[in-house]
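A.B. asks: So I've got this file, coords-v4.cif, and it contains mmCIF, C-alpha atoms (C1' of nucleotides):
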```
data_work
#
loop_
_atom_site.label_atom_id
_atom_site.label_comp_id
_atom_site.auth_asym_id
_atom_site.auth_seq_id
_atom_site.Cartn_x
_atom_site.Cartn_y
_atom_site.Cartn_z
CA MET A 1 0.00 0.00 0.00
CA ARG A 2 1.31 3.39 -0.96
CA THR A 3 1.82 6.36 1.28
CA ALA A 4 -1.13 8.34 -0.03
CA GLU A 5 -3.44 5.40 0.47
CA LYS A 6 -2.32 4.89 4.03
CA ALA A 7 -2.87 8.54 4.77
CA ALA A 8 -6.26 8.41 3.08
CA LEU A 9 -7.32 5.56 5.32
CA ASN A 10 -5.92 7.43 8.28
CA GLU A 11 -3.79 4.59 9.53
CA TRP A 12 -1.26 7.04 10.93
CA PRO A 13 -1.82 9.84 13.32
CA ASP A 14 -0.43 12.85 11.51
CA PRO A 15 2.81 13.58 13.36
CA ARG A 16 2.39 17.34 13.02
CA GLU A 17 1.74 18.68 16.50
CA GLY A 18 1.25 15.06 17.50
CA LEU A 19 -2.46 15.30 16.63
CA SER A 20 -4.44 13.52 13.97
CA ILE A 21 -6.93 15.43 11.86
CA GLY A 22 -9.21 12.39 11.88
CA GLN A 23 -11.67 12.08 9.05
CA LEU A 24 -10.79 15.52 7.76
CA GLU A 25 -8.18 13.52 5.88
CA ASN A 26 -10.85 12.71 3.30
CA HIS A 27 -12.35 16.16 2.90
CA LEU A 28 -11.23 18.06 -0.16
CA GLY A 29 -12.64 21.29 1.24
CA TYR A 30 -10.31 21.18 4.22
CA PHE A 31 -7.15 21.01 2.13
CA LEU A 32 -8.50 23.37 -0.47
CA ARG A 33 -9.09 25.97 2.20
CA ARG A 34 -5.71 25.52 3.84
CA LEU A 35 -3.85 26.06 0.62
CA GLN A 36 -6.12 28.91 -0.41
CA ILE A 37 -5.37 30.71 2.86
CA TRP A 38 -1.65 30.22 2.38
CA VAL A 39 -1.87 31.57 -1.18
CA PHE A 40 -3.91 34.63 -0.24
CA GLN A 41 -1.69 35.48 2.71
CA ASP A 42 1.38 35.27 0.54
CA PHE A 43 -0.35 37.40 -2.09
CA ILE A 44 -1.28 40.05 0.47
CA GLN A 45 2.24 40.07 1.92
CA THR A 46 3.93 40.26 -1.46
CA LEU A 47 1.60 42.98 -2.76
CA ARG A 48 1.83 44.99 0.46
CA PRO A 49 4.02 47.68 -1.17
CA MET A 50 1.04 48.51 -3.41
CA LYS A 51 -1.60 47.83 -0.77
CA VAL A 52 -3.64 45.71 -3.16
CA ARG A 53 -5.77 42.84 -1.95
CA PRO A 54 -6.83 39.85 -4.05
CA ALA A 55 -10.34 41.12 -4.79
CA GLN A 56 -9.03 44.52 -5.92
CA TYR A 57 -6.43 42.84 -8.07
CA SER A 58 -9.01 40.63 -9.76
CA VAL A 59 -11.19 43.65 -10.50
CA LEU A 60 -8.28 45.56 -12.03
CA LEU A 61 -7.36 42.64 -14.29
CA VAL A 62 -10.94 42.15 -15.46
CA ILE A 63 -11.39 45.85 -16.19
CA GLU A 64 -8.11 45.81 -18.10
CA ALA A 65 -9.27 42.84 -20.18
CA ASN A 66 -12.80 44.25 -20.72
CA SER A 67 -12.50 47.99 -20.93
CA GLY A 68 -15.73 49.96 -20.85
CA ARG A 69 -17.98 47.26 -19.41
CA SER A 70 -20.52 47.82 -16.65
CA GLN A 71 -20.28 47.02 -12.97
CA ALA A 72 -22.91 44.34 -13.39
CA ALA A 73 -20.83 42.58 -16.05
CA ILE A 74 -17.66 42.73 -13.97
CA GLY A 75 -19.48 41.56 -10.89
CA GLN A 76 -21.05 38.57 -12.62
CA THR A 77 -17.72 37.54 -14.07
CA LEU A 78 -16.00 37.55 -10.69
CA ASN A 79 -18.99 36.52 -8.57
CA ILE A 80 -18.76 39.74 -6.61
CA GLU A 81 -22.05 41.03 -5.30
CA ARG A 82 -23.29 44.45 -6.55
CA ALA A 83 -23.04 46.17 -3.21
CA ARG A 84 -19.56 44.92 -2.49
CA LEU A 85 -18.29 45.78 -5.97
CA ALA A 86 -19.66 49.32 -5.68
CA ARG A 87 -17.57 49.85 -2.54
CA LEU A 88 -14.50 48.20 -4.06
CA LEU A 89 -14.75 50.54 -7.04
CA HIS A 90 -15.14 53.60 -4.83
CA GLU A 91 -11.79 52.75 -3.30
CA LEU A 92 -10.12 52.19 -6.69
CA GLU A 93 -11.59 55.46 -7.93
CA ARG A 94 -10.37 57.29 -4.84
CA ARG A 95 -6.89 56.04 -5.69
CA LYS A 96 -7.41 57.32 -9.26
CA TRP A 97 -6.76 53.91 -10.79
CA ILE A 98 -10.12 53.61 -12.54
CA SER A 99 -12.72 55.96 -13.96
CA ARG A 100 -16.43 55.45 -14.37
CA ARG A 101 -18.28 57.20 -17.16
CA ALA A 102 -21.99 57.19 -17.83
CA SER A 103 -22.75 54.55 -20.42
CA ALA A 104 -24.00 55.89 -23.73
CA LYS A 105 -26.32 52.96 -24.24
CA ASP A 106 -27.78 52.58 -20.77
CA ALA A 107 -28.07 55.53 -18.43
CA ARG A 108 -28.34 53.22 -15.44
CA SER A 109 -24.91 51.74 -15.82
CA HIS A 110 -21.35 52.99 -15.57
CA SER A 111 -18.61 52.11 -18.01
CA LEU A 112 -15.36 51.25 -16.27
CA TYR A 113 -11.88 52.11 -17.50
CA LEU A 114 -8.37 52.06 -16.18
CA THR A 115 -6.83 55.51 -15.90
CA LYS A 116 -3.27 56.23 -16.98
CA ASP A 117 -2.33 56.06 -13.31
CA GLY A 118 -4.15 52.77 -13.10
CA GLU A 119 -2.23 51.31 -16.00
CA LYS A 120 1.03 52.45 -14.49
CA ALA A 121 0.14 51.01 -11.10
CA LEU A 122 -1.03 47.78 -12.70
CA THR A 123 2.36 47.27 -14.30
CA ARG A 124 4.01 47.34 -10.89
CA ILE A 125 1.21 45.27 -9.38
CA LYS A 126 1.56 42.57 -12.01
CA SER A 127 5.26 42.40 -11.39
CA LEU A 128 4.64 41.78 -7.68
CA ALA A 129 1.91 39.27 -8.53
CA LYS A 130 4.38 37.44 -10.71
CA GLN A 131 6.78 37.29 -7.81
CA HIS A 132 4.00 35.91 -5.64
CA GLU A 133 3.22 33.23 -8.20
CA ALA A 134 6.90 32.27 -8.26
CA GLN A 135 6.93 31.94 -4.48
CA LEU A 136 3.85 29.76 -4.68
CA ALA A 137 5.51 27.57 -7.30
CA SER A 138 8.56 27.15 -5.10
CA PHE A 139 6.34 26.30 -2.13
CA ILE A 140 4.26 23.60 -3.75
CA GLY A 141 6.55 22.73 -6.63
CA PRO A 142 6.17 24.13 -10.14
CA ARG A 143 4.92 20.86 -11.53
CA ARG A 144 2.23 20.45 -8.87
CA ARG A 145 1.22 24.07 -9.30
CA GLN A 146 0.66 23.46 -12.99
CA GLN A 147 -1.31 20.28 -12.37
CA LEU A 148 -3.54 22.02 -9.85
CA LEU A 149 -4.07 24.95 -12.19
CA GLU A 150 -5.18 22.67 -14.99
CA LEU A 151 -7.46 20.63 -12.76
CA LEU A 152 -9.08 23.71 -11.27
CA ARG A 153 -9.34 25.86 -14.37
CA GLU A 154 -12.24 23.86 -15.71
CA PHE A 155 -14.60 25.25 -13.08
CA GLY A 156 -13.81 29.00 -13.32
CA MET B 1 -2.16 23.50 -29.24
CA ARG B 2 -4.47 21.99 -26.66
CA THR B 3 -7.46 23.60 -25.12
CA ALA B 4 -5.88 24.17 -21.76
CA GLU B 5 -2.89 25.83 -23.34
CA LYS B 6 -5.03 28.17 -25.38
CA ALA B 7 -6.95 29.14 -22.29
CA ALA B 8 -3.69 29.60 -20.39
CA LEU B 9 -2.47 32.05 -22.99
CA ASN B 10 -5.82 33.77 -22.96
CA GLU B 11 -6.36 33.60 -26.69
CA TRP B 12 -10.10 33.40 -26.22
CA PRO B 13 -12.32 35.67 -24.34
CA ASP B 14 -14.08 33.40 -21.91
CA PRO B 15 -17.62 33.15 -23.29
CA ARG B 16 -19.19 33.11 -19.83
CA GLU B 17 -20.93 36.45 -19.49
CA GLY B 18 -19.02 37.48 -22.57
CA LEU B 19 -16.13 38.71 -20.42
CA SER B 20 -12.55 37.52 -20.17
CA ILE B 21 -10.89 37.12 -16.81
CA GLY B 22 -7.63 38.33 -18.31
CA GLN B 23 -4.45 37.30 -16.59
CA LEU B 24 -6.36 35.77 -13.71
CA GLU B 25 -6.26 32.76 -16.00
CA ASN B 26 -2.78 32.05 -14.68
CA HIS B 27 -3.42 32.57 -10.99
CA LEU B 28 -3.85 29.41 -8.98
CA GLY B 29 -5.26 31.37 -6.05
CA TYR B 30 -8.19 32.59 -8.12
CA PHE B 31 -9.39 29.12 -9.07
CA LEU B 32 -8.54 27.71 -5.68
CA ARG B 33 -10.75 30.27 -4.04
CA ARG B 34 -13.64 29.81 -6.44
CA LEU B 35 -13.78 26.09 -5.89
CA GLN B 36 -13.27 26.49 -2.16
CA ILE B 37 -16.25 28.84 -1.97
CA TRP B 38 -18.40 26.39 -3.92
CA VAL B 39 -17.36 23.54 -1.62
CA PHE B 40 -18.01 25.46 1.60
CA GLN B 41 -21.38 26.73 0.42
CA ASP B 42 -22.45 23.22 -0.50
CA PHE B 43 -21.19 22.00 2.87
CA ILE B 44 -23.14 24.66 4.74
CA GLN B 45 -26.29 23.94 2.73
CA THR B 46 -26.04 20.20 3.15
CA LEU B 47 -25.29 20.42 6.87
CA ARG B 48 -28.00 22.99 7.48
CA PRO B 49 -30.26 20.45 9.25
CA MET B 50 -27.62 20.23 11.96
CA LYS B 51 -26.58 23.89 11.79
CA VAL B 52 -22.91 22.98 11.65
CA ARG B 53 -20.38 25.12 9.84
CA PRO B 54 -17.06 23.92 8.44
CA ALA B 55 -14.94 25.23 11.32
CA GLN B 56 -17.18 23.60 13.92
CA TYR B 57 -17.14 20.36 11.99
CA SER B 58 -13.35 20.33 11.82
CA VAL B 59 -13.11 20.95 15.57
CA LEU B 60 -15.52 18.10 16.33
CA LEU B 61 -13.54 15.67 14.16
CA VAL B 62 -10.22 16.64 15.71
CA ILE B 63 -11.57 16.31 19.24
CA GLU B 64 -13.00 12.92 18.32
CA ALA B 65 -9.64 11.79 16.97
CA ASN B 66 -7.67 13.29 19.90
CA SER B 67 -9.81 13.01 22.98
CA GLY B 68 -8.63 14.87 26.05
CA ARG B 69 -6.24 17.28 24.38
CA SER B 70 -5.99 20.98 25.12
CA GLN B 71 -7.41 23.93 23.23
CA ALA B 72 -3.89 24.97 22.29
CA ALA B 73 -3.20 21.58 20.69
CA ILE B 74 -6.47 21.58 18.75
CA GLY B 75 -5.95 25.15 17.64
CA GLN B 76 -2.43 24.52 16.37
CA THR B 77 -3.56 21.46 14.45
CA LEU B 78 -6.32 23.35 12.65
CA ASN B 79 -4.62 26.75 12.47
CA ILE B 80 -7.40 28.30 14.46
CA GLU B 81 -6.35 31.21 16.63
CA ARG B 82 -6.80 30.89 20.42
CA ALA B 83 -9.41 33.58 20.74
CA ARG B 84 -11.50 32.26 17.91
CA LEU B 85 -11.30 28.67 19.13
CA ALA B 86 -12.39 29.70 22.62
CA ARG B 87 -15.56 31.20 21.16
CA LEU B 88 -16.16 28.22 18.87
CA LEU B 89 -15.91 25.90 21.88
CA HIS B 90 -18.29 28.01 23.93
CA GLU B 91 -20.90 27.43 21.26
CA LEU B 92 -20.24 23.68 21.07
CA GLU B 93 -20.41 23.49 24.86
CA ARG B 94 -23.66 25.42 24.90
CA ARG B 95 -25.06 22.78 22.56
CA LYS B 96 -23.78 20.09 24.94
CA TRP B 97 -21.67 18.42 22.27
CA ILE B 98 -18.35 18.79 24.06
CA SER B 99 -17.16 19.06 27.65
CA ARG B 100 -14.07 20.74 29.02
CA ARG B 101 -12.44 19.46 32.17
CA ALA B 102 -9.52 20.96 34.03
CA SER B 103 -6.36 19.17 32.95
CA ALA B 104 -4.71 17.12 35.68
CA LYS B 105 -1.25 17.92 34.40
CA ASP B 106 -1.57 21.61 33.68
CA ALA B 107 -4.01 23.76 35.57
CA ARG B 108 -3.97 26.37 32.83
CA SER B 109 -5.39 24.14 30.15
CA HIS B 110 -8.71 22.43 29.51
CA SER B 111 -9.05 18.86 28.30
CA LEU B 112 -11.67 18.52 25.58
CA TYR B 113 -14.04 15.59 25.10
CA LEU B 114 -17.10 14.77 23.08
CA THR B 115 -20.19 14.19 25.21
CA LYS B 116 -22.62 11.35 24.52
CA ASP B 117 -24.86 13.91 22.84
CA GLY B 118 -21.86 15.03 20.84
CA GLU B 119 -21.10 11.52 19.63
CA LYS B 120 -24.71 11.02 18.65
CA ALA B 121 -24.84 14.33 16.81
CA LEU B 122 -21.54 13.59 15.11
CA THR B 123 -22.92 10.39 13.65
CA ARG B 124 -25.67 12.32 11.92
CA ILE B 125 -23.26 15.11 10.99
CA LYS B 126 -20.84 12.68 9.38
CA SER B 127 -23.63 11.17 7.36
CA LEU B 128 -24.54 14.61 5.99
CA ALA B 129 -20.86 15.36 5.37
CA LYS B 130 -20.61 12.17 3.39
CA GLN B 131 -23.55 13.30 1.30
CA HIS B 132 -21.82 16.62 0.74
CA GLU B 133 -18.65 14.89 -0.38
CA ALA B 134 -20.69 12.81 -2.84
CA GLN B 135 -22.24 15.96 -4.26
CA LEU B 136 -18.81 17.46 -4.64
CA ALA B 137 -17.58 14.35 -6.45
CA SER B 138 -20.51 14.51 -8.84
CA PHE B 139 -19.84 18.21 -9.44
CA ILE B 140 -16.16 17.99 -10.27
CA GLY B 141 -15.99 14.30 -11.16
CA PRO B 142 -14.87 11.58 -8.76
CA ARG B 143 -11.57 11.10 -10.52
CA ARG B 144 -10.67 14.77 -10.44
CA ARG B 145 -11.73 14.98 -6.81
CA GLN B 146 -9.32 12.18 -5.96
CA GLN B 147 -6.50 13.76 -7.92
CA LEU B 148 -7.01 17.10 -6.22
CA LEU B 149 -7.18 15.45 -2.80
CA GLU B 150 -3.89 13.68 -3.36
CA LEU B 151 -2.18 16.79 -4.71
CA LEU B 152 -3.39 18.95 -1.85
CA ARG B 153 -2.97 16.50 1.01
CA GLU B 154 0.77 16.95 1.02
CA PHE B 155 0.48 20.46 2.46
CA GLY B 156 -2.04 19.84 5.26
"C1'" DG C 1 -47.11 56.09 -25.82
"C1'" DC C 2 -47.94 53.98 -21.20
"C1'" DC C 3 -47.25 51.14 -17.38
"C1'" DA C 4 -45.63 47.20 -14.56
"C1'" DG C 5 -41.75 44.66 -13.68
"C1'" DA C 6 -36.83 44.08 -14.16
"C1'" DA C 7 -32.10 45.87 -14.05
"C1'" DT C 8 -28.44 49.02 -12.21
"C1'" DG C 9 -25.95 51.17 -8.84
"C1'" DT C 10 -25.98 53.07 -4.05
"C1'" DT C 11 -26.38 52.92 0.83
"C1'" DG C 12 -27.41 50.70 5.30
"C1'" DT C 13 -27.32 46.89 8.38
"C1'" DC C 14 -26.08 42.37 10.29
"C1'" DA C 15 -23.29 38.06 11.06
"C1'" DT C 16 -18.96 35.70 10.41
"C1'" DT C 17 -14.19 35.67 10.29
"C1'" DG C 18 -9.21 36.81 11.12
"C1'" DA C 19 -6.01 39.57 13.58
"C1'" DC C 20 -4.35 41.68 17.61
"C1'" DA C 21 -3.95 43.42 22.30
"C1'" DA C 22 -4.70 43.14 27.19
"C1'" DC C 23 -5.42 40.34 31.11
"C1'" DA C 24 -5.35 36.69 35.01
"C1'" DA C 25 -3.75 32.35 36.24
"C1'" DT C 26 -0.30 29.00 35.94
"C1'" DT C 27 4.00 26.79 34.57
"C1'" DG C 28 8.91 26.12 34.03
"C1'" DG C 29 13.82 27.36 33.69
"C1'" DG C 30 17.54 29.57 35.90
"C1'" DC D 1 12.13 32.24 44.30
"C1'" DC D 2 11.55 35.12 40.15
"C1'" DC D 3 10.74 36.24 35.39
"C1'" DA D 4 9.48 34.86 30.90
"C1'" DA D 5 6.41 32.00 28.46
"C1'" DT D 6 1.98 29.54 28.02
"C1'" DT D 7 -3.08 29.04 28.35
"C1'" DG D 8 -7.52 30.54 27.96
"C1'" DT D 9 -10.67 34.61 28.02
"C1'" DT D 10 -12.51 38.92 26.58
"C1'" DG D 11 -12.62 43.19 23.79
"C1'" DT D 12 -11.96 45.62 19.62
"C1'" DC D 13 -11.18 46.50 14.68
"C1'" DA D 14 -11.14 45.58 9.64
"C1'" DA D 15 -12.62 42.74 5.74
"C1'" DT D 16 -16.11 40.07 3.81
"C1'" DG D 17 -20.68 38.11 2.37
"C1'" DA D 18 -25.52 38.49 2.54
"C1'" DC D 19 -29.60 40.95 2.26
"C1'" DA D 20 -32.96 44.72 2.07
"C1'" DA D 21 -34.48 49.26 0.65
"C1'" DC D 22 -34.20 52.86 -2.54
"C1'" DA D 23 -33.97 56.04 -6.84
"C1'" DT D 24 -33.22 55.88 -11.54
"C1'" DT D 25 -33.68 53.87 -15.92
"C1'" DC D 26 -34.85 50.36 -19.26
"C1'" DT D 27 -37.89 46.85 -21.49
"C1'" DG D 28 -41.83 44.37 -23.05
"C1'" DG D 29 -46.77 43.89 -23.51
"C1'" DC D 30 -50.71 46.45 -24.32
#
```
With the file now loaded, output its structure as structure tokens.
C.D. replies:
Amino acid sequence: MRTAEKAALNEWPDPREGLSIGQLENHLGYFLRRLQIWVFQDFIQTLRPMKVRPAQYSVLLVIEANSGRSQAAIGQTLNIERARLARLLHELERRKWISRRASAKDARSHSLYLTKDGEKALTRIKSLAKQHEAQLASFIGPRRRQQLLELLREFG
Amino acid sequence: MRTAEKAALNEWPDPREGLSIGQLENHLGYFLRRLQIWVFQDFIQTLRPMKVRPAQYSVLLVIEANSGRSQAAIGQTLNIERARLARLLHELERRKWISRRASAKDARSHSLYLTKDGEKALTRIKSLAKQHEAQLASFIGPRRRQQLLELLREFG
DNA sequence: GCCAGAATGTTGTCATTGACAACAATTGGG
DNA sequence: CCCAATTGTTGTCAATGACAACATTCTGGC
């Protein structure tokens, strides 16, 4: 029997801290969350010079890739609720990284754009994000990172 | 070029909502978080009859697997901060699922045990958790679930 | 063209979570 | 014995998700 199978059947107490995690061993959500927390904390640390958090970063990238779209469209793409996105955008606007113009087609909605400042900031931000992704690769192994990415990408 | 590679290079706009997620396509953390949110929401929904949330569930399983250990030990195992764990345990104690006794060895610490009620509840809870895990497998595919579990387990 | 219902963005509120600090009681090393 | 560290508790703050109410605007059926 291989190592992974033994662990899956929980034949060993996990030696870490001397405590076993019991049947958590078989819950994908547990491990998913642990890694996700590690990744986000590393992201936040690495991007600290620009004071950008993951949600803000995702909004900036989606605006960059879809210039002029509405808040509703951005929010649906990222699964960010209207109210929360409105407040996120206020902050990005306060920092002069994005601008919102009244849409020509629909007076209810705002078209979102990166400003020149925003583009400049995003260049630096992407460079830090790249560094973060490299740290992640070195933590979990570049090959495993790639495998995980491919397995997960199909549910975006 | 294969589909995954095309997507990785962002040659297509993602047709969902008509918007592209831009360079998020290459961020493991983004996909990790999306799936993690799906998993936790399904867990919370499925366990609603018992009103148990993921953190509570993980604490119950670890106490079950490590009867009599201290809050500090449980907290370190699950990466739950002291203050938060204290409040989690108050709630579980209020529901009469766990008991805390003064430790014989160290008067500062509390030994944690499941009560009879707790064991009974945990049986039902585990059955719902099993149902949740089956739903997850049918959502992402049993094979992919197993692959992800094995890839992630090495960082518990 | 008109009106009811839907969509859009804004603001307010609430519950959960993570992080941190302060504190009392207790332990352990020197 | 004394001082630093540990344990558990409580309080506070910031970030987040969820939800409701609201004004404005659009859309579809008539």
A.B. asks: Please identify every residue of chain A that has at least one atom no more than 8 Å from any atom of chain D, counting only C-alpha atoms (C1' of nucleotides), and report them as number ranges by chain.
C.D. replies: A: 106-108
A.B. asks: Distance table requested - segment 53-91 of chain A against segment 129-140 of chain A, cut-off 12 Å, all atoms listed in the file: one row per qualifying residue with the closest atom pair and its distance in Å to one decimal, ordered by chain and rising residue number, as CSV.
C.D. replies:
```
residue,atom,partner,partner_atom,distance
A:Arg53,CA,A:Ala129,CA,10.7
A:Pro54,CA,A:Ala129,CA,9.8
A:Tyr57,CA,A:Ala129,CA,9.1
A:Ser58,CA,A:Ala129,CA,11.1
A:Leu61,CA,A:Ala129,CA,11.4
```
A.B. asks: What separation in Å, quoted to one decimal, exists between atom CA of Lys116 of chain B and atom CA of Gly68 of chain B?
C.D. replies: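 Here the two named atoms are 14.5 Å from each other.
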A.B. asks: Pull out every residue of chain B sitting within 12 Å of chain C, counting only C-alpha atoms (C1' of nucleotides), and send them as a PyMOL selection string.
C.D. replies: chain B and resi 53+55+79-85+87-88+103+105-109
A.B. asks: Show me, as CSV, the residues of chain B having an atom within 7 Å of chain A, each with the closest atom pair and its distance in Å, using all atoms listed in the file.
C.D. replies:
```
residue,atom,partner,partner_atom,distance
B:Ala4,CA,A:Glu150,CA,7.0
B:Glu17,CA,A:Thr77,CA,6.4
B:Leu19,CA,A:Asn66,CA,6.5
B:Ser20,CA,A:Ala65,CA,6.2
B:Ile21,CA,A:Val62,CA,5.2
B:Gly22,CA,A:Ala65,CA,5.2
B:Gln23,CA,A:Leu61,CA,6.5
B:Leu24,CA,A:Ser58,CA,6.8
B:Leu28,CA,A:Leu149,CA,5.5
B:Gly29,CA,A:Val39,CA,5.9
B:Phe31,CA,A:Leu152,CA,5.8
B:Leu32,CA,A:Gln36,CA,5.9
B:Arg33,CA,A:Gln36,CA,6.0
B:Arg34,CA,A:Gly156,CA,6.9
B:Gln36,CA,A:Leu32,CA,5.9
B:Val39,CA,A:Gly29,CA,6.0
B:Phe40,CA,A:Gly29,CA,6.8
B:Ser58,CA,A:Leu24,CA,6.8
B:Leu61,CA,A:Gly22,CA,5.9
B:Val62,CA,A:Ile21,CA,5.2
B:Ala65,CA,A:Gly22,CA,5.1
B:Asn66,CA,A:Leu19,CA,6.5
B:Thr77,CA,A:Glu17,CA,6.3
B:Leu149,CA,A:Leu28,CA,5.5
B:Glu150,CA,A:Ala4,CA,6.9
B:Leu152,CA,A:Phe31,CA,5.8
B:Arg153,CA,A:Phe31,CA,6.3
B:Gly156,CA,A:Phe31,CA,6.1
```
A.B. asks: Residues as selected, C-alpha atoms, written as an mmCIF file, in the coordinates of the input, can you do that?
C.D. replies:
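Saved result, result.cif, follows:
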```
data_model
loop_
_atom_site.group_PDB
_atom_site.id
_atom_site.type_symbol
_atom_site.label_atom_id
_atom_site.label_comp_id
_atom_site.auth_asym_id
_atom_site.auth_seq_id
_atom_site.Cartn_x
_atom_site.Cartn_y
_atom_site.Cartn_z
ATOM 1 C CA ALA B 4 -5.880 24.170 -21.760
ATOM 2 C CA GLU B 17 -20.930 36.450 -19.490
ATOM 3 C CA LEU B 19 -16.130 38.710 -20.420
ATOM 4 C CA SER B 20 -12.550 37.520 -20.170
ATOM 5 C CA ILE B 21 -10.890 37.120 -16.810
ATOM 6 C CA GLY B 22 -7.630 38.330 -18.310
ATOM 7 C CA GLN B 23 -4.450 37.300 -16.590
ATOM 8 C CA LEU B 24 -6.360 35.770 -13.710
ATOM 9 C CA LEU B 28 -3.850 29.410 -8.980
ATOM 10 C CA GLY B 29 -5.260 31.370 -6.050
ATOM 11 C CA PHE B 31 -9.390 29.120 -9.070
ATOM 12 C CA LEU B 32 -8.540 27.710 -5.680
ATOM 13 C CA ARG B 33 -10.750 30.270 -4.040
ATOM 14 C CA ARG B 34 -13.640 29.810 -6.440
ATOM 15 C CA GLN B 36 -13.270 26.490 -2.160
ATOM 16 C CA VAL B 39 -17.360 23.540 -1.620
ATOM 17 C CA PHE B 40 -18.010 25.460 1.600
ATOM 18 C CA SER B 58 -13.350 20.330 11.820
ATOM 19 C CA LEU B 61 -13.540 15.670 14.160
ATOM 20 C CA VAL B 62 -10.220 16.640 15.710
ATOM 21 C CA ALA B 65 -9.640 11.790 16.970
ATOM 22 C CA ASN B 66 -7.670 13.290 19.900
ATOM 23 C CA THR B 77 -3.560 21.460 14.450
ATOM 24 C CA LEU B 149 -7.180 15.450 -2.800
ATOM 25 C CA GLU B 150 -3.890 13.680 -3.360
ATOM 26 C CA LEU B 152 -3.390 18.950 -1.850
ATOM 27 C CA ARG B 153 -2.970 16.500 1.010
ATOM 28 C CA GLY B 156 -2.040 19.840 5.260
#
```
A.B. asks: Just to confirm, what's the straight-line distance from atom CA of His90 of chain B to atom CA of Ile44 of chain B in Å (one decimal)?
C.D. replies: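 We find that atom CA of His90 of chain B and atom CA of Ile44 of chain B lie 20.1 Å from each other.
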A.B. asks: Just say which residues the PyMOL selection byres ((chain B and resi 51) around 12) picks in this file, as a compact mmCIF listing (two decimals) with C-alpha atoms, in the coordinates of the input.
C.D. replies:
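The result, stored in selection.txt:
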```txt
# COMPACT_ATOMS: atom_id res chain seq x y z
CA PHE B 43 -21.19 22.00 2.87
CA ILE B 44 -23.14 24.66 4.74
CA GLN B 45 -26.29 23.94 2.73
CA THR B 46 -26.04 20.20 3.15
CA LEU B 47 -25.29 20.42 6.87
CA ARG B 48 -28.00 22.99 7.48
CA PRO B 49 -30.26 20.45 9.25
CA MET B 50 -27.62 20.23 11.96
CA VAL B 52 -22.91 22.98 11.65
CA ARG B 53 -20.38 25.12 9.84
CA PRO B 54 -17.06 23.92 8.44
CA ALA B 55 -14.94 25.23 11.32
CA GLN B 56 -17.18 23.60 13.92
CA TYR B 57 -17.14 20.36 11.99
CA GLU B 91 -20.90 27.43 21.26
CA LEU B 92 -20.24 23.68 21.07
CA ARG B 95 -25.06 22.78 22.56
CA ALA B 121 -24.84 14.33 16.81
CA LEU B 122 -21.54 13.59 15.11
CA ARG B 124 -25.67 12.32 11.92
CA ILE B 125 -23.26 15.11 10.99
CA LEU B 128 -24.54 14.61 5.99
```
A.B. asks: To one decimal place, how far is atom CA of Ile98 of chain B from atom CA of Asp117 of chain B in Å?
C.D. replies: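 So the two atoms, atom CA of Ile98 of chain B and atom CA of Asp117 of chain B, lie 8.2 Å apart.
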A.B. asks: May I have the residues within 7 Å of Arg100 of chain B as an mmCIF file with C-alpha atoms, in the frame of the given file, using all atoms listed in the file and disregarding those fewer than 2 positions away in the same chain?
C.D. replies:
```cif
data_model
loop_
_atom_site.group_PDB
_atom_site.id
_atom_site.type_symbol
_atom_site.label_atom_id
_atom_site.label_comp_id
_atom_site.auth_asym_id
_atom_site.auth_seq_id
_atom_site.Cartn_x
_atom_site.Cartn_y
_atom_site.Cartn_z
ATOM 1 C CA ILE B 98 -18.350 18.790 24.060
ATOM 2 C CA ALA B 102 -9.520 20.960 34.030
ATOM 3 C CA HIS B 110 -8.710 22.430 29.510
ATOM 4 C CA SER B 111 -9.050 18.860 28.300
ATOM 5 C CA LEU B 112 -11.670 18.520 25.580
ATOM 6 C CA TYR B 113 -14.040 15.590 25.100
#
```
A.B. asks: Quick one: segment 26-33 of chain B from the block, N, CA and C atoms, as a short mmCIF file (atom, residue, chain, number, x, y, z; two decimals), in the first residue's frame.
C.D. replies:
```cif
data_model
loop_
_atom_site.label_atom_id
_atom_site.label_comp_id
_atom_site.auth_asym_id
_atom_site.auth_seq_id
_atom_site.Cartn_x
_atom_site.Cartn_y
_atom_site.Cartn_z
N ASN B 26 -4.00 32.71 -15.12
CA ASN B 26 -2.78 32.05 -14.68
C ASN B 26 -2.55 32.10 -13.17
N HIS B 27 -3.59 32.49 -12.43
CA HIS B 27 -3.42 32.57 -10.99
C HIS B 27 -4.11 31.41 -10.29
N LEU B 28 -3.31 30.55 -9.71
CA LEU B 28 -3.85 29.41 -8.98
C LEU B 28 -4.81 29.85 -7.88
N GLY B 29 -4.45 30.91 -7.18
CA GLY B 29 -5.26 31.37 -6.05
C GLY B 29 -6.69 31.70 -6.46
N TYR B 30 -6.85 32.23 -7.65
CA TYR B 30 -8.19 32.59 -8.12
C TYR B 30 -9.09 31.36 -8.23
N PHE B 31 -8.58 30.33 -8.87
CA PHE B 31 -9.39 29.12 -9.07
C PHE B 31 -9.56 28.34 -7.78
N LEU B 32 -8.49 28.35 -6.99
CA LEU B 32 -8.54 27.71 -5.68
C LEU B 32 -9.68 28.30 -4.86
N ARG B 33 -9.75 29.62 -4.86
CA ARG B 33 -10.75 30.27 -4.04
C ARG B 33 -12.16 30.01 -4.57
#
```
